[in-house]
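Student: This is the content of protein.csv (CSV, C-alpha atoms):
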```
chain,number,residue,atom,x,y,z
A,1,MET,CA,-28.4,9.3,7.6
A,2,THR,CA,-31.3,7.5,6.0
A,3,GLU,CA,-33.2,8.3,2.8
A,4,LEU,CA,-36.2,9.1,5.1
A,5,PHE,CA,-34.2,12.0,6.7
A,6,GLU,CA,-33.3,13.4,3.3
A,7,ARG,CA,-37.0,13.5,2.3
A,8,ILE,CA,-38.3,15.5,5.3
A,9,SER,CA,-38.5,19.3,5.0
A,10,GLU,CA,-35.4,21.4,5.2
A,11,GLU,CA,-36.8,23.2,8.3
A,12,LYS,CA,-37.3,19.9,10.1
A,13,ARG,CA,-33.8,18.6,9.1
A,14,ASN,CA,-32.2,21.8,10.4
A,15,ARG,CA,-34.2,21.7,13.6
A,16,ILE,CA,-33.0,18.1,14.3
A,17,LEU,CA,-29.4,18.9,13.4
A,18,GLN,CA,-29.3,22.1,15.5
A,19,ALA,CA,-30.7,20.2,18.5
A,20,ALA,CA,-28.0,17.5,18.1
A,21,ILE,CA,-25.2,20.1,17.6
A,22,SER,CA,-26.3,21.8,20.9
A,23,GLU,CA,-26.4,18.6,22.9
A,24,PHE,CA,-23.1,17.1,21.6
A,25,ALA,CA,-21.3,20.4,21.9
A,26,ASN,CA,-22.4,21.1,25.5
A,27,CYS,CA,-22.5,17.6,26.9
A,28,GLY,CA,-19.9,15.7,24.8
A,29,TYR,CA,-20.5,12.6,22.7
A,30,GLU,CA,-20.6,10.1,25.5
A,31,LYS,CA,-23.0,12.0,27.8
A,32,ALA,CA,-25.2,13.4,25.0
A,33,ASN,CA,-28.7,12.2,25.4
A,34,THR,CA,-30.7,11.3,22.3
A,35,ASN,CA,-34.0,11.7,24.3
A,36,ILE,CA,-33.1,15.3,24.9
A,37,ILE,CA,-32.1,15.8,21.3
A,38,ALA,CA,-35.5,14.5,20.1
A,39,LYS,CA,-37.4,16.6,22.7
A,40,LYS,CA,-35.6,19.8,21.6
A,41,ALA,CA,-36.2,19.0,18.0
A,42,GLY,CA,-39.9,18.4,18.6
A,43,ILE,CA,-40.0,14.8,17.5
A,44,SER,CA,-40.2,11.4,19.3
A,45,VAL,CA,-37.0,9.5,19.9
A,46,GLY,CA,-38.5,6.7,17.8
A,47,SER,CA,-38.7,9.1,14.9
A,48,LEU,CA,-35.1,10.2,15.5
A,49,PHE,CA,-33.9,6.6,15.1
A,50,GLN,CA,-35.9,6.2,11.9
A,51,TYR,CA,-33.7,9.0,10.5
A,52,PHE,CA,-30.4,7.7,12.0
A,53,LYS,CA,-29.4,4.1,12.8
A,54,ASN,CA,-27.7,5.1,16.0
A,55,LYS,CA,-26.1,7.8,18.1
A,56,GLU,CA,-22.8,7.7,16.2
A,57,GLU,CA,-24.5,8.2,12.8
A,58,LEU,CA,-26.3,11.2,14.2
A,59,PHE,CA,-23.0,12.6,15.6
A,60,LEU,CA,-21.3,12.2,12.2
A,61,ALA,CA,-24.2,13.8,10.4
A,62,THR,CA,-23.8,16.9,12.5
A,63,ILE,CA,-20.1,17.0,11.7
A,64,LYS,CA,-20.8,16.6,8.0
A,65,TYR,CA,-23.4,19.4,8.2
A,66,GLY,CA,-20.8,21.7,9.8
A,67,ALA,CA,-18.1,20.8,7.3
A,68,THR,CA,-20.4,21.5,4.4
A,69,VAL,CA,-21.2,25.0,5.7
A,70,LEU,CA,-17.5,25.7,6.2
A,71,LYS,CA,-16.6,24.3,2.8
A,72,VAL,CA,-19.1,26.6,1.0
A,73,THR,CA,-17.8,29.6,2.8
A,74,LEU,CA,-14.1,28.9,2.2
A,75,GLU,CA,-14.5,27.9,-1.4
A,76,ASP,CA,-16.4,31.1,-2.2
A,77,ILE,CA,-13.6,33.1,-0.7
A,78,LEU,CA,-10.5,31.2,-1.8
A,79,GLN,CA,-11.5,30.5,-5.4
A,80,GLY,CA,-12.1,34.2,-6.1
A,81,GLU,CA,-9.8,36.3,-8.2
A,82,GLU,CA,-8.7,38.7,-5.5
A,83,ASP,CA,-5.2,39.2,-4.1
A,84,ILE,CA,-4.1,36.6,-1.6
A,85,ILE,CA,-4.1,39.1,1.3
A,86,VAL,CA,-7.7,40.1,0.4
A,87,LYS,CA,-8.7,36.5,0.5
A,88,VAL,CA,-7.0,35.8,3.8
A,89,GLU,CA,-8.7,38.9,5.3
A,90,LYS,CA,-12.1,37.7,4.1
A,91,VAL,CA,-11.3,34.3,5.7
A,92,LEU,CA,-10.5,35.9,9.0
A,93,ARG,CA,-13.6,38.0,9.0
A,94,ALA,CA,-15.7,35.0,8.1
A,95,ILE,CA,-14.2,33.2,11.0
A,96,GLN,CA,-15.1,36.0,13.4
A,97,LYS,CA,-18.7,36.1,12.1
A,98,HIS,CA,-19.2,32.3,11.8
A,99,SER,CA,-17.7,31.6,15.2
A,100,ARG,CA,-20.1,34.0,16.9
A,101,GLU,CA,-23.2,32.9,15.0
A,102,ASN,CA,-22.4,29.1,15.3
A,103,ALA,CA,-20.8,28.9,18.7
A,104,ASP,CA,-22.2,25.4,19.4
A,105,LEU,CA,-20.8,24.1,16.1
A,106,ILE,CA,-17.3,25.4,17.0
A,107,LYS,CA,-17.6,23.9,20.4
A,108,LEU,CA,-18.5,20.6,18.7
A,109,TYR,CA,-15.2,20.7,16.8
A,110,ASN,CA,-13.4,21.3,20.0
A,111,GLU,CA,-15.2,18.4,21.6
A,112,ILE,CA,-13.9,16.1,18.8
A,113,GLY,CA,-10.4,16.6,20.1
A,114,THR,CA,-11.3,15.0,23.4
A,115,GLN,CA,-12.7,11.8,21.9
A,116,SER,CA,-11.0,8.5,22.9
A,117,ASN,CA,-12.9,6.5,20.2
A,118,TYR,CA,-10.2,6.3,17.5
A,119,GLU,CA,-12.6,5.1,14.7
A,120,LEU,CA,-15.1,7.9,15.4
A,121,VAL,CA,-12.3,10.5,15.5
A,122,GLN,CA,-10.9,9.2,12.2
A,123,LYS,CA,-14.2,9.4,10.4
A,124,THR,CA,-14.8,12.9,11.8
A,125,VAL,CA,-11.3,14.2,10.8
A,126,GLU,CA,-11.7,12.9,7.3
A,127,ASP,CA,-15.0,14.7,6.9
A,128,ILE,CA,-13.7,18.1,8.1
A,129,GLU,CA,-10.0,18.3,7.6
A,130,LEU,CA,-9.7,17.1,4.0
A,131,ILE,CA,-11.7,20.1,2.9
A,132,THR,CA,-9.4,22.7,4.3
A,133,ALA,CA,-6.2,20.8,3.7
A,134,LYS,CA,-6.8,20.7,0.0
A,135,LEU,CA,-8.0,24.3,-0.2
A,136,TYR,CA,-5.0,25.7,1.7
A,137,SER,CA,-2.3,23.6,0.2
A,138,SER,CA,-3.5,24.3,-3.4
A,139,LEU,CA,-3.6,28.0,-2.7
A,140,ILE,CA,0.0,28.0,-1.3
A,141,GLU,CA,1.2,26.0,-4.4
A,142,LYS,CA,-0.4,28.6,-6.6
A,143,LEU,CA,1.3,31.4,-4.8
A,144,GLN,CA,4.7,29.7,-5.1
A,145,LYS,CA,4.2,29.2,-8.9
A,146,GLU,CA,3.4,32.8,-9.2
A,147,GLY,CA,6.4,33.9,-7.3
A,148,GLU,CA,4.3,35.4,-4.5
A,149,ALA,CA,5.4,33.0,-1.7
A,150,ARG,CA,8.7,31.6,-0.6
A,151,LEU,CA,9.7,28.4,-2.3
A,152,ASP,CA,11.6,26.7,0.6
A,153,CYS,CA,8.4,25.7,2.4
A,154,ASP,CA,6.3,22.5,2.1
A,155,PRO,CA,2.8,23.7,1.0
A,156,LYS,CA,1.2,20.8,3.0
A,157,MET,CA,3.1,21.8,6.2
A,158,PHE,CA,2.3,25.4,5.8
A,159,ALA,CA,-1.4,24.5,5.1
A,160,PHE,CA,-1.4,22.6,8.4
A,161,LEU,CA,0.0,25.5,10.3
A,162,LEU,CA,-2.3,28.0,8.7
A,163,ASP,CA,-5.3,25.9,9.5
A,164,ASN,CA,-4.2,25.6,13.1
A,165,LEU,CA,-4.1,29.4,13.3
A,166,PHE,CA,-7.6,29.7,11.9
A,167,MET,CA,-8.9,26.9,14.1
A,168,MET,CA,-7.5,28.6,17.2
A,169,LEU,CA,-9.2,31.9,16.3
A,170,GLN,CA,-12.5,30.0,15.9
A,171,PHE,CA,-12.1,28.6,19.4
A,172,SER,CA,-11.1,32.0,20.8
A,173,TYR,CA,-14.4,33.5,19.7
A,174,SER,CA,-16.7,30.6,20.8
A,175,CYS,CA,-15.2,28.4,23.6
A,176,GLU,CA,-15.1,29.7,27.2
A,177,TYR,CA,-11.5,28.5,27.9
A,178,TYR,CA,-10.1,29.8,24.7
A,179,ARG,CA,-11.9,33.1,25.1
A,180,GLU,CA,-10.4,33.6,28.5
A,181,ARG,CA,-7.0,32.7,27.1
A,182,PHE,CA,-7.5,35.2,24.3
A,183,LYS,CA,-8.2,38.0,26.8
A,184,LEU,CA,-5.3,36.9,29.0
A,185,TYR,CA,-2.8,37.3,26.2
A,186,LEU,CA,-4.2,40.5,24.8
A,187,SER,CA,-6.9,42.5,26.7
A,188,GLU,CA,-10.3,42.1,28.3
A,189,ASP,CA,-11.8,44.0,25.4
A,190,ILE,CA,-10.1,41.9,22.6
A,191,LEU,CA,-13.3,40.2,21.6
A,192,ASN,CA,-14.6,43.7,20.5
A,193,GLN,CA,-11.5,44.5,18.5
A,194,ASP,CA,-12.1,42.6,15.3
A,195,ASP,CA,-10.1,45.0,13.1
A,196,TYR,CA,-7.1,44.8,15.4
A,197,VAL,CA,-7.1,41.0,15.4
A,198,VAL,CA,-7.4,40.9,11.6
A,199,GLU,CA,-4.6,43.5,11.1
A,200,HIS,CA,-2.1,41.7,13.3
A,201,THR,CA,-2.9,38.2,12.1
A,202,LEU,CA,-2.4,39.4,8.5
A,203,LYS,CA,1.1,40.8,9.5
A,204,PHE,CA,2.0,37.4,11.0
A,205,ILE,CA,0.9,35.5,7.9
A,206,LYS,CA,2.7,37.8,5.5
A,207,ALA,CA,5.9,37.4,7.5
A,208,ALA,CA,5.6,33.6,7.6
A,209,PHE,CA,5.0,33.3,3.8
A,210,SER,CA,7.4,36.2,2.9
A,211,LEU,CA,4.6,37.6,0.8
A,212,LYS,CA,5.8,40.4,-1.4
A,213,LYS,CA,2.7,42.5,-1.1
```
Let me see whether you can do it: turn the structure in this file into structure tokens.
Tutor:
Amino acid sequence: MTELFERISEEKRNRILQAAISEFANCGYEKANTNIIAKKAGISVGSLFQYFKNKEELFLATIKYGATVLKVTLEDILQGEEDIIVKVEKVLRAIQKHSRENADLIKLYNEIGTQSNYELVQKTVEDIELITAKLYSSLIEKLQKEGEARLDCDPKMFAFLLDNLFMMLQFSYSCEYYRERFKLYLSEDILNQDDYVVEHTLKFIKAAFSLKK
């Protein structure tokens, strides 16, 4: 994004980013129309391309915006002093809340996985995944040093598996296909059973890590 975009009001920046997130999430990167994004944001397409050099830069800006929101949420939770199980429960409840309130953003993450443009995917993955990879692996290493988690696991591998679990839950609360899959495995009412989902996900994680508590 350009310096000009950084200088406009926060309200206007958010309006443009939200319009872009909606269009990319629901139409895909290739079919997304920058004219529609500009119209929804209440600006001209000429102004849009004063803020961003091209469509790719706009797409990457939306990803960075979403990654920043996620980073702030996770860091606040995982860097606290609470017990590991308390932290994980907070992450799960944050996922439930965030996925419902930011469904288009989660759909956008899902859309990334369908991209055939390798360079674009690589840039996107670096923006999003490095944040959670470092947070989760460092947390697991800390647990191992404190004797709270099994020592015969690779923290990076377990971080990858843990993130996949969290990511699938995000999709299950926001993307049509994964919502139906969620209901098929459990029940038609599972989306209204947040406490049940948290309880049994915690049991699964405790067993995987052999947590003592």
Student: Compile the contact shell of segment 93-107 of chain A as number ranges by chain: residues with an atom at most 7 Å away, counting all atoms listed in the file, same-chain residues fewer than 3 positions apart removed.
Tutor: A: 21-22, 25, 66, 89-90, 110-111, 170-171, 173-175
Student: Produce a file of the selected residues containing C-alpha atoms, as a compact mmCIF listing (two decimals), in the frame of the given file.
Tutor:
```txt
# COMPACT_ATOMS: atom_id res chain seq x y z
CA ILE A 21 -25.20 20.10 17.60
CA SER A 22 -26.30 21.80 20.90
CA ALA A 25 -21.30 20.40 21.90
CA GLY A 66 -20.80 21.70 9.80
CA GLU A 89 -8.70 38.90 5.30
CA LYS A 90 -12.10 37.70 4.10
CA ASN A 110 -13.40 21.30 20.00
CA GLU A 111 -15.20 18.40 21.60
CA GLN A 170 -12.50 30.00 15.90
CA PHE A 171 -12.10 28.60 19.40
CA TYR A 173 -14.40 33.50 19.70
CA SER A 174 -16.70 30.60 20.80
CA CYS A 175 -15.20 28.40 23.60
```
Student: A:Val198, A:Glu180, A:Ala208, A:Ala149: which is nearest Leu161 of chain A, counting only C-alpha atoms?
Tutor: A:Ala208
Student: For the atom pair atom CA of Glu30 of chain A and atom CA of Asn54 of chain A, what is the interatomic distance in Å to one decimal place?
Tutor: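 Going from atom CA of Glu30 of chain A over to atom CA of Asn54 of chain A, I get 12.9 Å.
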Student: Atom CA of Arg181 of chain A and atom CA of Ser210 of chain A are how many Å apart?
Tutor: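 These two atoms are separated by 28.4 Å.
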Student: Atom CA of Glu10 of chain A and atom CA of Ala38 of chain A, how far apart in Å?
Tutor: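 Straight-line distance from atom CA of Ala38 of chain A to atom CA of Glu10 of chain A works out to 16.4 Å.
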Student: Residues around (-7.3, 35.2, -1.1), cut-off 12 Å, counting only C-alpha atoms - what are they as a ChimeraX atom specification?
Tutor: /A:74-92,135-136,138-140,142-143,202
Student: With a distance cut-off of 12 Å and all atoms listed in the file, select the neighbouring residues of Asn192 of chain A, excluding the residue or stretch itself and same-chain residues fewer than 3 positions from it, and output the selection as a list in words.
Tutor: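 Close residues of Asn192 of chain A: Gln96, Arg100, Tyr173, Arg179, Phe182, Lys183, Leu186, Ser187, Glu188, Asp189, Asp195, Tyr196, Val197 and Val198 of chain A.
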Student: Point out the residue among A:Phe24, A:Gly42, A:Tyr177, A:Lys31 with the least atom-to-atom distance to Glu11 of chain A, counting all atoms listed in the file.
Tutor: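 The closest residue to Glu11 of chain A is A:Gly42.
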Student: Using all atoms listed in the file, which of the listed residues (A:Gln193, A:Gln50, A:Thr68, A:Thr73) sits closest to Glu3 of chain A?
Tutor: A:Gln50
Student: From the options A:Asn35, A:Phe158, A:Asn26, A:Leu4, which residue's atoms come nearest to Tyr51 of chain A, counting all atoms listed in the file?
Tutor: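 Nearest to Tyr51 of chain A: A:Leu4.
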Student: Please return segment 19-38 of chain A, rebuilt to N, CA, C and O atoms, as a tab-separated table (two decimals), in the frame of the given file.
Tutor:
```
chain	number	residue	atom	x	y	z
A	19	ALA	N	-30.49	20.78	17.17
A	19	ALA	CA	-30.70	20.20	18.50
A	19	ALA	C	-29.55	19.24	18.84
A	19	ALA	O	-29.05	19.21	19.97
A	20	ALA	N	-29.13	18.47	17.85
A	20	ALA	CA	-28.00	17.50	18.10
A	20	ALA	C	-26.71	18.24	18.28
A	20	ALA	O	-25.92	17.87	19.16
A	21	ILE	N	-26.46	19.27	17.49
A	21	ILE	CA	-25.20	20.10	17.60
A	21	ILE	C	-25.14	20.63	19.04
A	21	ILE	O	-24.10	20.56	19.70
A	22	SER	N	-26.24	21.20	19.52
A	22	SER	CA	-26.30	21.80	20.90
A	22	SER	C	-25.97	20.76	21.95
A	22	SER	O	-25.17	21.01	22.86
A	23	GLU	N	-26.60	19.61	21.85
A	23	GLU	CA	-26.40	18.60	22.90
A	23	GLU	C	-25.01	18.00	22.84
A	23	GLU	O	-24.36	17.87	23.88
A	24	PHE	N	-24.49	17.68	21.67
A	24	PHE	CA	-23.10	17.10	21.60
A	24	PHE	C	-22.09	18.16	21.99
A	24	PHE	O	-21.10	17.81	22.64
A	25	ALA	N	-22.30	19.41	21.61
A	25	ALA	CA	-21.30	20.40	21.90
A	25	ALA	C	-21.23	20.73	23.40
A	25	ALA	O	-20.14	20.95	23.94
A	26	ASN	N	-22.35	20.71	24.08
A	26	ASN	CA	-22.40	21.10	25.50
A	26	ASN	C	-22.28	19.94	26.47
A	26	ASN	O	-21.96	20.15	27.64
A	27	CYS	N	-22.52	18.72	25.99
A	27	CYS	CA	-22.50	17.60	26.90
A	27	CYS	C	-21.37	16.56	26.52
A	27	CYS	O	-21.01	15.72	27.33
A	28	GLY	N	-20.84	16.67	25.30
A	28	GLY	CA	-19.90	15.70	24.80
A	28	GLY	C	-20.57	14.50	24.23
A	28	GLY	O	-21.76	14.25	24.49
A	29	TYR	N	-19.85	13.75	23.42
A	29	TYR	CA	-20.50	12.60	22.70
A	29	TYR	C	-21.00	11.56	23.65
A	29	TYR	O	-22.14	11.09	23.51
A	30	GLU	N	-20.20	11.16	24.62
A	30	GLU	CA	-20.60	10.10	25.50
A	30	GLU	C	-21.81	10.41	26.36
A	30	GLU	O	-22.70	9.58	26.56
A	31	LYS	N	-21.86	11.64	26.87
A	31	LYS	CA	-23.00	12.00	27.80
A	31	LYS	C	-24.17	12.59	27.06
A	31	LYS	O	-25.22	12.79	27.69
A	32	ALA	N	-24.04	12.87	25.79
A	32	ALA	CA	-25.20	13.40	25.00
A	32	ALA	C	-26.35	12.44	25.08
A	32	ALA	O	-26.19	11.23	24.94
A	33	ASN	N	-27.54	12.98	25.27
A	33	ASN	CA	-28.70	12.20	25.40
A	33	ASN	C	-29.66	12.32	24.23
A	33	ASN	O	-30.14	13.42	23.94
A	34	THR	N	-29.90	11.23	23.54
A	34	THR	CA	-30.70	11.30	22.30
A	34	THR	C	-32.19	11.61	22.65
A	34	THR	O	-32.90	12.15	21.81
A	35	ASN	N	-32.64	11.30	23.85
A	35	ASN	CA	-34.00	11.70	24.30
A	35	ASN	C	-34.14	13.19	24.33
A	35	ASN	O	-35.16	13.75	23.92
A	36	ILE	N	-33.10	13.84	24.84
A	36	ILE	CA	-33.10	15.30	24.90
A	36	ILE	C	-33.05	15.92	23.55
A	36	ILE	O	-33.74	16.91	23.25
A	37	ILE	N	-32.23	15.33	22.67
A	37	ILE	CA	-32.10	15.80	21.30
A	37	ILE	C	-33.50	15.76	20.62
A	37	ILE	O	-33.95	16.72	19.99
A	38	ALA	N	-34.17	14.63	20.76
A	38	ALA	CA	-35.50	14.50	20.10
A	38	ALA	C	-36.49	15.46	20.69
A	38	ALA	O	-37.25	16.08	19.94
```
